[in-house]
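A.B. asks: Contents of start03.cif (mmCIF, C-alpha atoms) are below:
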data_query
loop_
_atom_site.label_atom_id
_atom_site.label_comp_id
_atom_site.auth_asym_id
_atom_site.auth_seq_id
_atom_site.Cartn_x
_atom_site.Cartn_y
_atom_site.Cartn_z
CA MET A 266 10.28 38.40 -42.94
CA GLU A 267 8.62 36.45 -40.15
CA LEU A 268 5.43 38.38 -40.90
CA VAL A 269 5.47 37.06 -44.50
CA PHE A 270 5.90 33.54 -43.16
CA ASN A 271 3.05 34.08 -40.66
CA LEU A 272 0.87 35.40 -43.48
CA MET A 273 1.52 32.29 -45.54
CA MET A 274 0.77 30.15 -42.51
CA GLY A 275 -2.43 32.15 -41.92
CA ILE A 276 -3.55 31.54 -45.54
CA PHE A 277 -2.93 27.82 -45.12
CA ILE A 278 -4.84 27.62 -41.82
CA GLY A 279 -7.65 29.75 -43.26
CA PHE A 280 -7.90 27.39 -46.25
CA TYR A 281 -8.00 24.43 -43.84
CA LEU A 282 -10.73 26.12 -41.80
CA VAL A 283 -12.87 26.88 -44.86
CA LEU A 284 -12.54 23.27 -46.03
CA SER A 285 -13.47 22.10 -42.51
CA PHE A 286 -16.75 24.04 -42.67
CA LEU A 287 -17.48 22.37 -46.03
CA LEU A 288 -17.11 18.86 -44.58
CA ASP A 289 -20.11 16.57 -44.20
CA LYS A 290 -22.30 17.50 -41.21
CA ARG A 291 -23.54 13.96 -40.63
CA THR A 292 -22.62 12.34 -37.35
CA ILE A 293 -23.48 9.29 -35.27
CA THR A 294 -25.20 9.27 -31.87
CA GLY A 295 -22.78 10.04 -29.09
CA ASP A 296 -20.33 11.95 -31.27
CA VAL A 297 -21.21 15.56 -30.55
CA PHE A 298 -18.49 17.07 -32.77
CA GLY A 299 -18.96 15.01 -35.91
CA ALA A 300 -16.30 14.61 -38.59
CA ARG A 301 -15.93 18.39 -39.09
CA GLY A 302 -16.06 19.51 -35.45
CA PHE A 303 -12.49 18.58 -34.52
CA PRO A 304 -10.87 20.23 -37.60
CA ILE A 305 -12.90 23.42 -36.99
CA VAL A 306 -11.76 23.60 -33.36
CA LEU A 307 -8.13 22.97 -34.41
CA GLY A 308 -8.30 25.60 -37.15
CA ILE A 309 -9.66 28.23 -34.74
CA ILE A 310 -7.03 27.40 -32.10
CA ALA A 311 -4.24 27.56 -34.72
CA LEU A 312 -5.44 30.92 -36.05
CA THR A 313 -5.69 32.33 -32.52
CA ILE A 314 -2.16 31.22 -31.62
CA LEU A 315 -0.83 32.53 -34.94
CA ALA A 316 -2.49 35.91 -34.31
CA PHE A 317 -0.91 35.99 -30.86
CA ILE A 318 2.56 35.15 -32.24
CA THR A 319 2.20 37.75 -35.02
CA ALA A 320 1.13 40.43 -32.54
CA LYS A 321 4.16 39.60 -30.39
CA THR A 322 6.45 39.77 -33.43
CA VAL A 323 5.06 43.19 -34.41
CA LYS A 324 5.34 44.45 -30.83
CA ASN A 325 8.93 43.29 -30.34
CA LYS A 326 9.87 44.14 -33.94
CA THR A 327 11.70 40.81 -34.14
CA LYS A 328 13.59 40.47 -37.39
CA VAL A 329 14.28 37.05 -38.81
CA TYR A 330 16.34 36.85 -41.98
CA LEU A 331 15.01 34.23 -44.39
CA PRO A 332 17.11 33.98 -47.60
CA LEU A 333 14.08 32.39 -49.31
CA PHE A 334 12.41 35.79 -49.38
CA ASP A 335 15.54 37.70 -50.35
CA LEU A 336 15.74 37.11 -54.10
CA LYS A 337 18.49 39.68 -54.50
CA SER A 338 20.95 37.47 -52.64
CA GLN A 339 22.71 34.53 -54.32
CA ALA A 340 21.54 32.17 -51.54
CA GLY A 341 17.92 33.26 -52.05
CA LYS A 342 18.11 32.69 -55.82
CA THR A 343 19.74 29.26 -55.40
CA LEU A 344 17.18 28.29 -52.77
CA VAL A 345 14.17 29.29 -54.87
CA LEU A 346 15.66 27.59 -57.95
CA ASN A 347 16.15 24.38 -55.96
CA ILE A 348 12.58 24.48 -54.67
CA ILE A 349 11.33 24.86 -58.26
CA ILE A 350 13.57 21.97 -59.39
CA LEU A 351 12.24 19.79 -56.55
CA ALA A 352 8.62 20.63 -57.45
CA ALA A 353 9.34 19.84 -61.11
CA TYR A 354 10.97 16.56 -60.07
CA LEU A 355 7.92 15.53 -58.03
CA TYR A 356 5.71 16.25 -61.04
CA LEU A 357 8.00 14.62 -63.59
CA THR A 358 8.37 11.31 -61.68
CA ASN A 359 4.77 10.55 -62.58
CA VAL A 360 5.26 11.58 -66.22
CA ILE A 361 8.69 10.39 -67.38
CA GLY A 362 9.30 7.87 -64.59
CA PHE A 363 11.75 7.61 -61.72
CA VAL A 364 14.97 6.90 -63.65
CA LEU A 365 14.96 9.82 -66.06
CA SER A 366 13.51 12.34 -63.61
CA THR A 367 16.03 11.37 -60.90
CA LEU A 368 18.88 11.70 -63.37
CA LEU A 369 17.68 15.15 -64.44
CA PHE A 370 16.97 16.20 -60.84
CA LEU A 371 20.40 15.21 -59.52
CA PHE A 372 22.16 16.94 -62.39
CA GLY A 373 19.92 20.03 -62.32
CA SER A 374 19.99 20.57 -58.56
CA ALA A 375 23.77 20.19 -58.40
CA ARG A 376 24.15 22.68 -61.25
CA ALA A 377 21.78 25.05 -59.44
CA MET A 378 24.07 24.79 -56.42
CA ARG A 379 26.88 26.02 -58.68
CA TYR A 380 28.85 22.79 -59.07
CA LYS A 381 30.81 23.29 -62.25
CA LYS A 382 32.88 20.15 -62.92
CA MET A 383 30.79 18.55 -65.68
CA PRO A 384 32.46 15.10 -65.91
CA ALA A 385 32.25 14.60 -62.13
CA LEU A 386 28.67 15.85 -62.11
CA LEU A 387 27.63 13.43 -64.86
CA ILE A 388 29.30 10.49 -63.13
CA TYR A 389 27.67 11.47 -59.81
CA SER A 390 24.19 11.73 -61.39
CA VAL A 391 24.42 8.44 -63.28
CA VAL A 392 26.01 6.44 -60.45
CA LEU A 393 23.59 7.70 -57.79
CA THR A 394 20.58 7.04 -60.04
CA VAL A 395 21.79 3.48 -60.66
CA ILE A 396 22.36 2.91 -56.94
CA LEU A 397 18.89 4.26 -56.05
CA VAL A 398 17.12 2.24 -58.76
CA VAL A 399 18.96 -0.99 -57.95
CA SER A 400 18.68 -0.71 -54.16
CA PHE A 401 15.08 0.51 -53.93
CA GLY A 402 13.60 -0.86 -57.17
CA LYS A 403 15.33 -4.24 -57.39
CA VAL A 404 16.55 -5.17 -53.88
CA PHE A 405 13.90 -3.65 -51.60
CA LEU A 406 11.13 -3.89 -54.24
CA VAL A 407 9.80 -0.39 -53.50
CA PRO A 408 7.16 0.49 -56.15
CA LEU A 409 8.99 3.36 -57.86
CA PRO A 410 7.00 5.66 -60.18
CA ARG A 411 6.94 4.41 -63.78
CA GLY A 412 5.63 7.43 -65.65
CA ILE A 413 3.21 7.24 -68.55
CA GLY A 414 3.18 5.91 -72.13
CA ILE A 415 6.51 4.75 -73.53
CA PHE A 416 8.32 5.61 -70.26
CA ARG A 417 6.04 3.22 -68.38
CA GLU A 418 6.68 0.41 -70.87
CA LEU A 419 10.45 0.98 -70.74
CA SER A 420 10.52 1.05 -66.93
CA TYR A 421 9.40 -2.62 -66.85
CA PHE A 422 12.75 -3.57 -68.40
CA ILE A 423 14.59 -1.93 -65.50
CA TYR A 424 12.52 -2.53 -62.33
CA MET B 118 11.64 -20.95 -13.93
CA GLU B 119 12.49 -24.28 -15.55
CA ILE B 120 10.57 -23.26 -18.70
CA LEU B 121 12.41 -19.95 -18.73
CA ILE B 122 15.83 -21.61 -18.61
CA GLN B 123 14.82 -24.10 -21.31
CA SER B 124 13.62 -21.26 -23.55
CA LEU B 125 16.82 -19.33 -22.95
CA ILE B 126 18.99 -22.32 -23.90
CA TYR B 127 16.90 -22.81 -27.04
CA VAL B 128 17.12 -19.14 -28.05
CA LEU B 129 20.87 -19.02 -27.39
CA SER B 130 21.65 -21.97 -29.68
CA PRO B 131 24.41 -21.22 -32.28
CA MET B 132 21.94 -21.18 -35.20
CA ASN B 133 19.62 -18.73 -33.45
CA LEU B 134 22.55 -16.53 -32.44
CA LEU B 135 23.67 -16.44 -36.08
CA LEU B 136 20.15 -15.42 -37.09
CA VAL B 137 20.22 -12.67 -34.46
CA VAL B 138 23.44 -11.28 -35.95
CA LEU B 139 22.16 -11.49 -39.53
CA GLY B 140 18.76 -10.05 -38.58
CA THR B 141 20.30 -7.18 -36.63
CA VAL B 142 22.69 -6.27 -39.46
CA PHE B 143 19.87 -6.38 -42.03
CA GLY B 144 17.60 -4.34 -39.73
CA MET B 145 20.34 -1.76 -39.15
CA VAL B 146 20.90 -1.34 -42.90
CA CYS B 147 17.16 -0.87 -43.48
CA GLY B 148 16.82 1.44 -40.46
CA ALA B 149 19.71 3.61 -41.61
CA LEU B 150 18.06 4.17 -45.00
CA PRO B 151 15.45 6.91 -44.65
CA GLY B 152 12.38 5.54 -46.39
CA LEU B 153 12.72 1.98 -45.14
CA SER B 154 11.37 1.64 -41.58
CA SER B 155 11.65 -1.27 -39.13
CA SER B 156 8.23 -2.49 -40.27
CA MET B 157 9.39 -2.48 -43.90
CA ALA B 158 12.51 -4.42 -42.85
CA ILE B 159 10.30 -7.06 -41.21
CA ILE B 160 8.14 -7.30 -44.35
CA LEU B 161 11.28 -7.77 -46.48
CA ALA B 162 12.66 -10.42 -44.12
CA LEU B 163 9.35 -12.27 -43.82
CA PRO B 164 9.71 -14.47 -46.97
CA PHE B 165 12.99 -15.90 -45.60
CA THR B 166 11.18 -17.16 -42.49
CA TYR B 167 8.57 -19.26 -44.35
CA THR B 168 10.79 -22.33 -44.38
CA MET B 169 12.08 -21.85 -40.83
CA GLU B 170 10.92 -23.33 -37.52
CA PRO B 171 8.67 -20.92 -35.55
CA VAL B 172 11.23 -19.99 -32.85
CA PRO B 173 14.21 -19.16 -35.13
CA ALA B 174 11.80 -17.23 -37.40
CA ILE B 175 10.50 -15.11 -34.50
CA VAL B 176 14.05 -14.64 -33.18
CA MET B 177 15.16 -13.34 -36.58
CA LEU B 178 12.18 -11.01 -37.01
CA VAL B 179 12.67 -9.55 -33.52
CA ALA B 180 16.37 -9.02 -34.33
CA VAL B 181 15.41 -7.27 -37.59
CA TYR B 182 13.01 -4.97 -35.72
CA VAL B 183 15.55 -4.15 -33.00
CA GLY B 184 18.30 -3.59 -35.60
CA GLY B 185 15.97 -1.31 -37.56
CA ALA B 186 15.17 0.79 -34.50
CA CYS B 187 18.90 1.11 -33.73
CA GLY B 188 19.89 1.75 -37.37
CA GLY B 189 17.52 4.73 -37.56
CA SER B 190 19.87 6.64 -35.28
CA ILE B 191 22.81 6.26 -37.74
CA SER B 192 21.27 8.56 -40.36
CA ALA B 193 19.81 10.73 -37.57
CA ILE B 194 23.31 11.39 -36.22
CA LEU B 195 25.21 11.65 -39.50
CA LEU B 196 22.63 13.27 -41.79
CA LYS B 197 20.12 14.83 -39.36
CA THR B 198 17.52 12.61 -41.04
CA PRO B 199 16.01 9.96 -38.78
CA GLY B 200 15.80 6.62 -40.56
CA THR B 201 12.89 5.51 -38.39
CA PRO B 202 10.28 7.49 -36.40
CA GLU B 203 11.88 6.26 -33.13
CA ALA B 204 15.11 8.08 -34.00
CA VAL B 205 13.60 11.57 -34.31
CA ALA B 206 14.81 12.60 -30.84
CA THR B 207 18.34 11.37 -31.67
CA THR B 208 18.68 14.22 -34.18
CA PHE B 209 18.36 16.79 -31.35
CA ASP B 210 21.59 15.68 -29.63
CA GLY B 211 23.28 13.30 -32.07
CA TYR B 212 23.65 15.65 -35.02
CA PRO B 213 25.12 18.55 -32.97
CA MET B 214 27.62 16.05 -31.53
CA ALA B 215 28.54 14.94 -35.07
CA MET B 216 29.01 18.58 -36.07
CA LYS B 217 31.49 18.94 -33.19
CA GLY B 218 33.50 16.01 -34.52
CA GLN B 219 32.06 13.55 -32.01
CA ALA B 220 30.13 11.40 -34.49
CA GLY B 221 31.85 8.22 -33.27
CA LEU B 222 30.88 8.93 -29.67
CA ALA B 223 27.30 9.77 -30.67
CA LEU B 224 27.00 6.54 -32.67
CA GLY B 225 28.51 4.59 -29.78
CA LEU B 226 26.05 6.13 -27.34
CA ALA B 227 23.13 5.32 -29.62
CA VAL B 228 24.22 1.71 -30.13
CA THR B 229 24.94 1.16 -26.40
CA ALA B 230 21.66 2.76 -25.36
CA SER B 231 19.74 0.71 -27.94
CA SER B 232 21.35 -2.53 -26.74
CA PHE B 233 20.67 -1.73 -23.10
CA GLY B 234 17.11 -0.61 -23.86
CA THR B 235 16.35 -3.81 -25.76
CA ILE B 236 17.67 -6.13 -23.04
CA PHE B 237 16.15 -4.12 -20.19
CA SER B 238 12.74 -3.82 -21.85
CA ALA B 239 12.73 -7.55 -22.67
CA PHE B 240 13.26 -8.32 -18.98
CA ALA B 241 10.67 -5.72 -18.00
CA MET B 242 8.16 -7.29 -20.38
CA LEU B 243 8.93 -10.74 -19.00
CA VAL B 244 8.13 -9.62 -15.46
CA CYS B 245 5.41 -7.04 -16.12
CA ALA B 246 3.55 -8.51 -19.13
CA PRO B 247 0.85 -10.31 -17.08
CA LEU B 248 0.32 -7.20 -14.93
CA LEU B 249 0.26 -4.92 -17.97
CA ALA B 250 -2.26 -7.19 -19.70
CA THR B 251 -4.65 -6.77 -16.74
CA LEU B 252 -4.10 -3.02 -16.80
CA ALA B 253 -4.55 -2.82 -20.60
CA LEU B 254 -8.01 -4.32 -20.31
CA LYS B 255 -9.01 -1.41 -18.07
CA PHE B 256 -7.87 1.15 -20.65
CA GLN B 257 -10.92 3.03 -21.91
CA SER B 258 -11.51 6.28 -23.82
CA ALA B 259 -10.71 8.48 -20.81
CA GLU B 260 -7.34 6.77 -20.31
CA TYR B 261 -6.49 7.08 -24.00
CA PHE B 262 -7.39 10.77 -23.84
CA ALA B 263 -5.14 11.23 -20.80
CA LEU B 264 -2.30 9.44 -22.61
CA ALA B 265 -2.69 11.68 -25.68
CA LEU B 266 -2.77 14.74 -23.44
CA LEU B 267 0.43 13.60 -21.74
CA GLY B 268 2.08 13.25 -25.15
CA LEU B 269 0.99 16.71 -26.23
CA SER B 270 2.05 18.28 -22.94
CA CYS B 271 5.56 16.85 -23.47
CA ILE B 272 5.88 19.36 -26.34
CA THR B 273 6.17 22.17 -23.80
CA SER B 274 9.39 20.64 -22.49
CA ILE B 275 10.84 20.32 -26.02
CA GLY B 276 9.87 23.81 -27.15
CA SER B 277 10.89 25.60 -23.98
CA LYS B 278 12.48 28.51 -25.95
CA ASN B 279 9.20 29.64 -27.50
CA GLN B 280 6.25 27.75 -26.10
CA MET B 281 3.63 29.47 -28.28
CA LYS B 282 5.40 28.27 -31.42
CA ALA B 283 5.70 24.79 -29.90
CA VAL B 284 1.93 24.73 -29.22
CA LEU B 285 1.25 25.96 -32.78
CA SER B 286 3.46 23.14 -34.12
CA ALA B 287 1.48 20.64 -32.04
CA VAL B 288 -1.83 22.02 -33.38
CA LEU B 289 -0.48 21.88 -36.96
CA GLY B 290 0.50 18.25 -36.32
CA LEU B 291 -3.03 17.52 -35.12
CA MET B 292 -4.40 19.26 -38.22
CA PHE B 293 -2.34 17.01 -40.48
CA ALA B 294 -3.54 14.02 -38.45
CA THR B 295 -7.14 14.80 -39.42
CA ILE B 296 -6.35 14.02 -43.08
CA GLY B 297 -7.94 10.76 -44.24
CA ILE B 298 -11.06 8.83 -43.31
CA ASP B 299 -12.59 9.89 -39.97
CA SER B 300 -12.41 6.81 -37.77
CA ILE B 301 -15.75 7.49 -36.01
CA ASN B 302 -18.05 8.61 -38.81
CA GLY B 303 -16.21 7.16 -41.81
CA ILE B 304 -16.27 10.51 -43.63
CA GLU B 305 -13.42 11.50 -45.94
CA ARG B 306 -11.50 14.58 -44.71
CA PHE B 307 -9.05 16.64 -46.81
CA ALA B 308 -8.15 13.65 -49.02
CA PHE B 309 -9.29 15.41 -52.23
CA GLY B 310 -10.28 12.01 -53.63
CA GLN B 311 -6.67 10.78 -53.56
CA PRO B 312 -6.44 7.11 -52.47
CA PHE B 313 -2.98 7.55 -50.90
CA LEU B 314 -4.40 10.15 -48.48
CA MET B 315 -7.33 8.00 -47.30
CA ASN B 316 -5.25 6.39 -44.54
CA GLY B 317 -3.76 9.70 -43.50
CA ILE B 318 -0.25 11.00 -44.09
CA ASN B 319 2.55 8.44 -43.89
CA TYR B 320 5.27 9.18 -41.31
CA ILE B 321 8.25 8.51 -43.57
CA PRO B 322 7.64 11.24 -46.20
CA VAL B 323 6.84 13.71 -43.39
CA MET B 324 10.11 12.85 -41.66
CA ILE B 325 12.13 13.14 -44.85
CA GLY B 326 10.43 16.44 -45.68
CA THR B 327 10.84 17.88 -42.20
CA PHE B 328 14.38 16.80 -41.51
CA ALA B 329 16.21 15.87 -44.73
CA ILE B 330 14.82 18.50 -47.12
CA ALA B 331 15.02 21.21 -44.46
CA GLU B 332 18.67 20.32 -43.85
CA VAL B 333 19.43 20.37 -47.57
CA TYR B 334 17.91 23.85 -47.95
CA LYS B 335 19.70 25.09 -44.85
CA ASN B 336 22.96 23.93 -46.41
CA ILE B 337 22.08 25.68 -49.68
CA GLU B 338 21.49 28.91 -47.74
CA GLU B 339 24.93 28.62 -46.17
CA LEU B 340 26.64 27.57 -49.39
CA GLY B 341 28.54 30.77 -50.00
CA GLN B 342 29.22 31.57 -46.37
CA ARG B 343 30.72 28.28 -45.23
CA ASP B 344 34.01 28.38 -43.37
CA ASN B 345 36.20 25.94 -45.28
CA SER B 346 39.26 26.57 -43.17
CA THR B 347 38.07 24.14 -40.47
CA ILE B 348 39.82 20.80 -40.59
CA THR B 349 37.26 18.01 -40.77
CA GLU B 350 37.78 14.56 -39.37
CA THR B 351 37.43 12.12 -42.26
CA LYS B 352 37.66 8.91 -40.25
CA VAL B 353 34.78 8.14 -37.89
CA SER B 354 35.24 5.26 -35.47
CA LEU B 355 32.59 3.91 -33.16
CA VAL B 356 33.24 4.75 -29.50
CA LEU B 357 31.34 2.30 -27.31
CA MET B 358 30.42 3.30 -23.77
CA LYS B 359 32.28 1.91 -20.81
CA MET B 360 30.41 0.17 -18.01
CA ARG B 361 31.27 2.89 -15.46
CA ASP B 362 29.80 5.56 -17.76
CA MET B 363 26.65 3.49 -18.16
CA VAL B 364 26.33 3.16 -14.40
CA LYS B 365 26.69 6.94 -14.09
CA MET B 366 23.79 7.44 -16.50
CA TRP B 367 21.58 4.62 -15.24
CA LYS B 368 18.56 6.89 -14.78
CA THR B 369 18.61 8.08 -18.41
CA PHE B 370 19.10 4.54 -19.68
CA ILE B 371 16.12 3.17 -17.72
CA LYS B 372 13.90 6.13 -18.63
CA SER B 373 14.71 5.71 -22.34
CA SER B 374 13.99 1.97 -22.51
CA LYS B 375 10.77 0.99 -24.19
CA PRO B 376 9.27 -2.44 -24.68
CA ILE B 377 9.38 -4.14 -28.07
CA LYS B 378 5.97 -3.86 -29.76
#
Now, as a test, write the supplied structure out as structure tokens.

C.D. replies:
Amino acid sequence: MELVFNLMMGIFIGFYLVLSFLLDKRTITGDVFGARGFPIVLGIIALTILAFITAKTVKNKTKVYLPLFDLKSQAGKTLVLNIIILAAYLYLTNVIGFVLSTLLFLFGSARAMRYKKMPALLIYSVVLTVILVVSFGKVFLVPLPRGIGIFRELSYFIY
Amino acid sequence: MEILIQSLIYVLSPMNLLLVVLGTVFGMVCGALPGLSSSMAIILALPFTYTMEPVPAIVMLVAVYVGGACGGSISAILLKTPGTPEAVATTFDGYPMAMKGQAGLALGLAVTASSFGTIFSAFAMLVCAPLLATLALKFQSAEYFALALLGLSCITSIGSKNQMKAVLSAVLGLMFATIGIDSINGIERFAFGQPFLMNGINYIPVMIGTFAIAEVYKNIEELGQRDNSTITETKVSLVLMKMRDMVKMWKTFIKSSKPIK
């Protein structure tokens, strides 16, 4: 399982390295590296270290159990479902606004974690959303996402 | 000396002391909420100081900052989510203590250490500020590089179990730090045209992602395997440190004190 994680890490670092090579070459006098030099060096160092760690893992045959990659287990399923719900929440905050998306997220994630008492779950979702909106949107004046279209217009009545 | 005593009497007036209490409480509330840092607490408190005299206003803002720094450890100990960047290290010891049922003691230690650190660093600044100002003027690129290197080398002591992974984490951190506008050449790096990435990645979302979300997913993993037979302590009371314990740990207290920015 650690090898899968290392592979994902390798893809990310490789992507970073490719983007680094595509950065602007221009530089000022006295700066030998330029804007892309430092990221390239970091990317190469990271890949080298990752290769070293992976080689060590293969050599020692170290096994790390990550439920995220074990979709047969209940924990793995719940974990993946929660990650999907979180990703959907992050996307939806900019579409339907903070209030509705938070309400749906709190309810959905709790359901995904196998909480079954519906009345308690509804109260929890509504109360926590109200607390979050009032404390962050009204008291601390944090610019919460408003969404688009009608959701944006409606959000101005709340925060 | 005379000026110092006069200033002290002025700062310790009942009105200023009341502002210290209010500022500290407000700062602690903001610090304990992940997402609101000490700086944010100061920004929120700033409008209240517009009508104040300069000294009470500064006293209140300093109290808010100090309260914020201390409050960050509350969520770090109880939720494993540091409220402020200063409280990241508190999660390493504070949360395991809370898991052992010693949350009150951990909170007490954090509050006592914060109080001591604030008072000690204020005195240190009072004595050393002129000397430090002379030294600061001599700080050039080489010194900054040495300081950064010292910070990075500290990672080896934290990740002593697997140093290669610790070094990789440090390099990944540096990689994320390259996001935004390059400060030397002014060229956009990895921002993908997004305005919120131009100034680099903000600390608060990184902290919440690294600590809070990771903890939530760890709990989800253990959902079905949790041992519910353990009796949990529902009442947590703050256990403040005694003077003799503080004296025993004087080295740690002095090492951990940092001056107010």

A.B. asks: I'd like to know which of B:Ile304, B:Ile272, B:Leu357, B:Ile330 is closest to chain A, using only C-alpha atoms.

C.D. replies: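 Closest residue, counting only C-alpha atoms: B:Ile304.
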
A.B. asks: Specify as number ranges by chain each residue included when the PyMOL selection byres ((chain A) within 9 of (chain B)) is applied to this file.

C.D. replies: A: 278, 281, 284-285, 288-289, 291-293, 296, 299-301, 303-304, 307-308, 310-312, 314-315, 317-318, 332-333, 339-341, 343-344, 347-348, 378, 405-406

A.B. asks: Keeping C-alpha atoms for every residue in the selection just given, could you write it to a file as a short mmCIF file (atom, residue, chain, number, x, y, z; two decimals), in the coordinates of the input?

C.D. replies:
data_model
loop_
_atom_site.label_atom_id
_atom_site.label_comp_id
_atom_site.auth_asym_id
_atom_site.auth_seq_id
_atom_site.Cartn_x
_atom_site.Cartn_y
_atom_site.Cartn_z
CA ILE A 278 -4.84 27.62 -41.82
CA TYR A 281 -8.00 24.43 -43.84
CA LEU A 284 -12.54 23.27 -46.03
CA SER A 285 -13.47 22.10 -42.51
CA LEU A 288 -17.11 18.86 -44.58
CA ASP A 289 -20.11 16.57 -44.20
CA ARG A 291 -23.54 13.96 -40.63
CA THR A 292 -22.62 12.34 -37.35
CA ILE A 293 -23.48 9.29 -35.27
CA ASP A 296 -20.33 11.95 -31.27
CA GLY A 299 -18.96 15.01 -35.91
CA ALA A 300 -16.30 14.61 -38.59
CA ARG A 301 -15.93 18.39 -39.09
CA PHE A 303 -12.49 18.58 -34.52
CA PRO A 304 -10.87 20.23 -37.60
CA LEU A 307 -8.13 22.97 -34.41
CA GLY A 308 -8.30 25.60 -37.15
CA ILE A 310 -7.03 27.40 -32.10
CA ALA A 311 -4.24 27.56 -34.72
CA LEU A 312 -5.44 30.92 -36.05
CA ILE A 314 -2.16 31.22 -31.62
CA LEU A 315 -0.83 32.53 -34.94
CA PHE A 317 -0.91 35.99 -30.86
CA ILE A 318 2.56 35.15 -32.24
CA PRO A 332 17.11 33.98 -47.60
CA LEU A 333 14.08 32.39 -49.31
CA GLN A 339 22.71 34.53 -54.32
CA ALA A 340 21.54 32.17 -51.54
CA GLY A 341 17.92 33.26 -52.05
CA THR A 343 19.74 29.26 -55.40
CA LEU A 344 17.18 28.29 -52.77
CA ASN A 347 16.15 24.38 -55.96
CA ILE A 348 12.58 24.48 -54.67
CA MET A 378 24.07 24.79 -56.42
CA PHE A 405 13.90 -3.65 -51.60
CA LEU A 406 11.13 -3.89 -54.24
#

A.B. asks: Of the residues A:Phe363, A:Phe370, A:Tyr356, A:Tyr389, which is the one nearest to Ile423 in chain A, using only C-alpha atoms?

C.D. replies: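 Going through A:Phe363, A:Phe370, A:Tyr356, A:Tyr389 one by one, the smallest distance to Ile423 in chain A is for A:Phe363.
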
A.B. asks: Contacts of Ser366 in chain A at 12 Å or less, counting only C-alpha atoms, minus same-chain residues fewer than 5 places along, as an MDAnalysis selection string?

C.D. replies: chainID A and resid 350:361 371:374 390:391 394 398 409:412 416

A.B. asks: Report as a count of residues only all protein, DNA and RNA residues lying within 12 Å of range 233-238 of chain B, evaluated on all atoms listed in the file, omitting residues in the same chain fewer than 2 positions from it.

C.D. replies: 37

A.B. asks: Distance cut-off 8 Å, centre (13.0, -16.6, -26.9) in file coordinates, counting all atoms listed in the file: which residues qualify? Return them as a list in words.

C.D. replies: Ser124, Leu125, Tyr127, Val128, Val172 and Val176 of chain B

A.B. asks: Set the distance at 12 Å and use only C-alpha atoms: which residues neighbour Val205 in chain B once local chain neighbours fewer than 6 positions away are removed? I'd like the list as a count of residues only.

C.D. replies: 23

A.B. asks: Any idea what the distance is between CA of Gly362 in chain A and CA of Leu150 in chain B?

C.D. replies: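 It comes out at 21.8 Å.
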
A.B. asks: Set the distance at 10 Å and use only C-alpha atoms: which residues neighbour Tyr424 in chain A once local chain neighbours fewer than 3 positions away are removed? I'd like the list as a list in words.

C.D. replies: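 Answer for this query is Val364, Val398, Val399, Phe401, Gly402, Lys403, Val404, Leu406, Val407, Pro408, Leu409, Arg411, Leu419, Ser420 and Tyr421 of chain A.
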